[in-house]
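Notes to accompany the following structure.
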Amino acid sequence: MSTDRIEKQILLHAPLKRVWRALSDSREFGTWFGVRFDGPFKPGATLRGVIVPTTVDSLVAAAQKPHEGKPFEITVEQMQPQRLFSFRWHPYAVEAGVDYSAEPTTLVVFALEEMPNGVRLTVTESGFDKIPLARRAKAFTANEQGWTMVVILVEKYLVQTA
């Protein structure tokens with residue numbers, strides 16, 4: 001098992017264009033992920049927002065509730081239409097009053113592959129080995145569990161908005 005990288009996959013039964021929009025539109029992404037962003041996704045853009053409970057799953061929303069209103073920031077790396085969306089962030093940056101800006105970021109990649117019966121979404125987060133040792137294991141464990149939930153949130157969102 002890698003300590004530097006998390007990878008999750010799911011087969012989504014939706015058209016590629018629809019899956020891409022759910023990932024690449026900051027409003028749609030925020031709805032299922034649980035963030036309200038201050039603008040659209042575009043390569044090189046740093047977006048700020050706040051954590052808001054997802055509208056897709058009540059159990060996940062309840063878990064997000066204690067973090068509601070906390071700042072959230074990503075920097076979009078790449079957007080290859082209907083193929084790849086990636087961003088950098090500070091993983092598990094939820095402690096009040098902690099400045100994470102001097103820490104390295106991890107890279108989150110959403111890769112899409114059209115399949116005969118849907119779209120395979122692969123979510124990969126890498127770069128944990130560069131996170132300070134004092135919080136590396138906690139960030140990795142939280143995000144390992146988080147990405148498991150996230151791929152299910154995407155699936156539920158696509159079903160609910162079909």
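Each chain in the structure tokens gets a letter, A, B and so on, in the order shown; residues start at 1 in every chain, and ligands are counted from 1 in the order they appear.
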| said: Which residues are close to A:Ile131, i.e. within 12 Å by only C-alpha atoms, leaving aside same-chain residues fewer than 4 positions away? Reply as number ranges by chain. | reply: A: 3-5, 89-93, 100-107, 126-127, 135-140
Please write the residues from the selection above to a file, keeping C-alpha atoms, as a JSON list (two decimals), in the first residue's frame.
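Okay, this is what ended up in again00.json:
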[["chain", "number", "residue", "atom", "x", "y", "z"],
["A", 3, "THR", "CA", 1.59, 6.17, 1.64],
["A", 4, "ASP", "CA", 1.89, 8.85, -1.06],
["A", 5, "ARG", "CA", -1.17, 8.15, -3.16],
["A", 89, "TRP", "CA", -5.04, 21.75, -2.35],
["A", 90, "HIS", "CA", -3.93, 21.38, 1.22],
["A", 91, "PRO", "CA", -5.35, 18.01, 2.28],
["A", 92, "TYR", "CA", -7.49, 17.87, 5.40],
["A", 93, "ALA", "CA", -6.88, 21.55, 6.10],
["A", 100, "TYR", "CA", -1.43, 25.72, 5.86],
["A", 101, "SER", "CA", -0.04, 28.03, 3.17],
["A", 102, "ALA", "CA", 3.61, 27.08, 3.78],
["A", 103, "GLU", "CA", 2.89, 23.36, 3.39],
["A", 104, "PRO", "CA", 3.17, 21.53, 0.08],
["A", 105, "THR", "CA", -0.09, 20.70, -1.66],
["A", 106, "THR", "CA", -1.34, 17.39, -2.99],
["A", 107, "LEU", "CA", -2.58, 16.87, -6.54],
["A", 126, "SER", "CA", -0.88, 12.14, -4.66],
["A", 127, "GLY", "CA", 1.87, 13.95, -2.80],
["A", 135, "ARG", "CA", -0.20, 15.60, 10.13],
["A", 136, "ARG", "CA", 0.58, 13.29, 7.21],
["A", 137, "ALA", "CA", -1.07, 10.11, 8.57],
["A", 138, "LYS", "CA", -4.19, 11.96, 9.71],
["A", 139, "ALA", "CA", -4.57, 13.72, 6.34],
["A", 140, "PHE", "CA", -4.00, 10.48, 4.42]]
| said: Using only C-alpha atoms, which protein or nucleic acid residues come within 6 Å of A:Gln78? Drop anything in the same chain fewer than 4 positions from it, and give the result as a PyMOL selection string. | reply: chain A and resi 43+85-86
Preceding selection exported with C-alpha atoms as a tab-separated table (two decimals), in the first residue's frame:
chain	number	residue	atom	x	y	z
A	43	PRO	CA	-6.75	26.24	-15.50
A	85	PHE	CA	-9.79	17.68	-14.32
A	86	SER	CA	-7.13	18.29	-11.69
Would you mind listing what lies within 9 Å of A:Val94 as a tab-separated table (two decimals) with N, CA and C atoms, in the first residue's frame, with only C-alpha atoms counted and same-chain residues fewer than 6 positions away left out?
chain	number	residue	atom	x	y	z
A	67	HIS	N	-17.81	21.28	9.89
A	67	HIS	CA	-16.84	22.07	9.13
A	67	HIS	C	-17.50	23.18	8.31
A	70	LYS	N	-16.12	26.81	7.05
A	70	LYS	CA	-14.65	26.88	7.05
A	70	LYS	C	-14.16	27.18	5.63
A	71	PRO	N	-13.06	27.93	5.53
A	71	PRO	CA	-12.54	28.27	4.20
A	71	PRO	C	-12.03	27.02	3.47
A	72	PHE	N	-12.11	27.10	2.17
A	72	PHE	CA	-11.72	26.00	1.29
A	72	PHE	C	-11.07	26.63	0.08
| task | Would you mind reading off the distance between atom CA of A:Ala134 and atom CA of A:Gly97, one decimal, in Å? | result | 16.4 Å
| message | I'd like to know which of A:Phe41, A:Gly69, A:Gln145, A:Phe29 is closest to A:Val56, using only C-alpha atoms. | response | A:Phe29
| message | Env of stretch 10-20 of chain A: 8 Å cut, atoms = only C-alpha atoms, seq-sep filter 4 positions within chain, self excluded. Answer as a ChimeraX atom specification. | response | /A:24,81-83,112,114,117-122,151-152,155,158
| task | Write out as a PyMOL selection string all residues of chain A that backbone DSSP assigns to alpha helix (DSSP H). | result | chain A and resi 16-24+26-33+58-64+133-160
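Nearest to A:Pro53 of all the residues A:Ala22, A:Met115, A:Val35, A:Met149 is A:Val35, based on only C-alpha atoms.
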| task | With a distance cut-off of 8 Å and only C-alpha atoms, select the neighbouring residues of A:Pro40, excluding the residue or stretch itself and same-chain residues fewer than 3 positions from it, and output the selection as a PyMOL selection string. | result | chain A and resi 25-27+37+47
Selection to disk with N, CA and C atoms, as an mmCIF file, in the first residue's frame:
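Resulting contents of part.cif:
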data_model
loop_
_atom_site.group_PDB
_atom_site.id
_atom_site.type_symbol
_atom_site.label_atom_id
_atom_site.label_comp_id
_atom_site.auth_asym_id
_atom_site.auth_seq_id
_atom_site.Cartn_x
_atom_site.Cartn_y
_atom_site.Cartn_z
ATOM 1 N N ASP A 25 -17.930 21.999 -13.750
ATOM 2 C CA ASP A 25 -18.694 23.200 -13.412
ATOM 3 C C ASP A 25 -18.588 23.407 -11.902
ATOM 4 N N SER A 26 -18.053 24.525 -11.487
ATOM 5 C CA SER A 26 -17.786 24.737 -10.055
ATOM 6 C C SER A 26 -19.055 24.700 -9.208
ATOM 7 N N ARG A 27 -20.182 25.148 -9.764
ATOM 8 C CA ARG A 27 -21.444 25.096 -9.006
ATOM 9 C C ARG A 27 -21.908 23.654 -8.821
ATOM 10 N N PHE A 37 -18.071 27.737 -4.113
ATOM 11 C CA PHE A 37 -16.899 28.417 -4.664
ATOM 12 C C PHE A 37 -17.223 29.846 -5.075
ATOM 13 N N LEU A 47 -9.339 29.152 -6.587
ATOM 14 C CA LEU A 47 -10.709 29.403 -6.153
ATOM 15 C C LEU A 47 -10.792 29.265 -4.653
#
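When only C-alpha atoms are used to measure the gap to A:Ala63, the shortest distance among A:Val108, A:Pro132, A:Arg88, A:Ile51 belongs to A:Ile51.
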| When DSSP works through the backbone of this structure, what residues of chain A end up as strand (DSSP E), shown as a PyMOL selection string? | chain A and resi 5-12+35-37+46-51+71-80+84-89+106-115+118-126
| remark: Students should find that atom CA of A:Arg48 and atom CA of A:Gln64 are spaced 17.4 Å
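Take the candidates A:Glu7, A:Glu113, A:Thr31, A:Met79 and check each one against A:Glu144 using only C-alpha atoms; the shortest distance goes to A:Glu7.
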